[in-house]
Amino acid sequence: MSEKRPTKKINAKAIMTDLKEGMTDAQLMEKYGLSFQGLRDLFSKLVEAGLATQAYFTRRALEKVSPPEAEATPTTCPYCGFTAREKFTRCPRCKNDTSEWLDTVELTKILTGSFD
Ligand SMILES: [Zn+2]
């Protein structure tokens, strides 16, 4: 029984906070003791739980390819293409909600599972 891997419990709120603070995949993997695949699985669970959108993680992955620009990362509206230097969560032009974060009423939900 000692071989049995303990189930990792990751607080969804904590990891969402880390994501918003810009932690890299490597930092997240180290902090939560996840493999690369485990982290991907976790991201999938966050999407399934409605805490973040797949589009967010897709964009996040793309952003890693190019060097991060701490400032002046333009925000582009996915609906109408409006781009602004400042980050906006509601498009000034078409008024659509462009926040990559969905309603987080269930943010305190604890995600459970084996992430490895
Ligand atoms: Zn727009």
# chains A, B, ... in the order shown; residues from 1 in each chain; ligands from 1
>>> residues_near_ligand(ligand="ligand 1", cutoff="7 Å", atoms="only C-alpha atoms and all ligand atoms", output="NGL selection string")
:A and (77-82 or 91-96)
>>> atom_distance(atom1="CA of Leu42 in chain A", atom2="CA of Lys87 in chain A")
26.1 Å
>>> atom_distance(atom1="CA of Thr53 in chain A", atom2="CA of Thr75 in chain A")
16.3 Å
>>> atom_distance(atom1="CA of Arg60 in chain A", atom2="CA of Thr98 in chain A")
15.0 Å
>>> closest_residue(among="A:Asp41, A:Ala52, A:Thr58, A:Phe36", to="Leu19 in chain A", atoms="only C-alpha atoms")
A:Ala52
>>> closest_residue(among="A:Ala12, A:Arg90, A:Arg40, A:Thr76", to="Gln54 in chain A", atoms="only C-alpha atoms")
A:Arg40
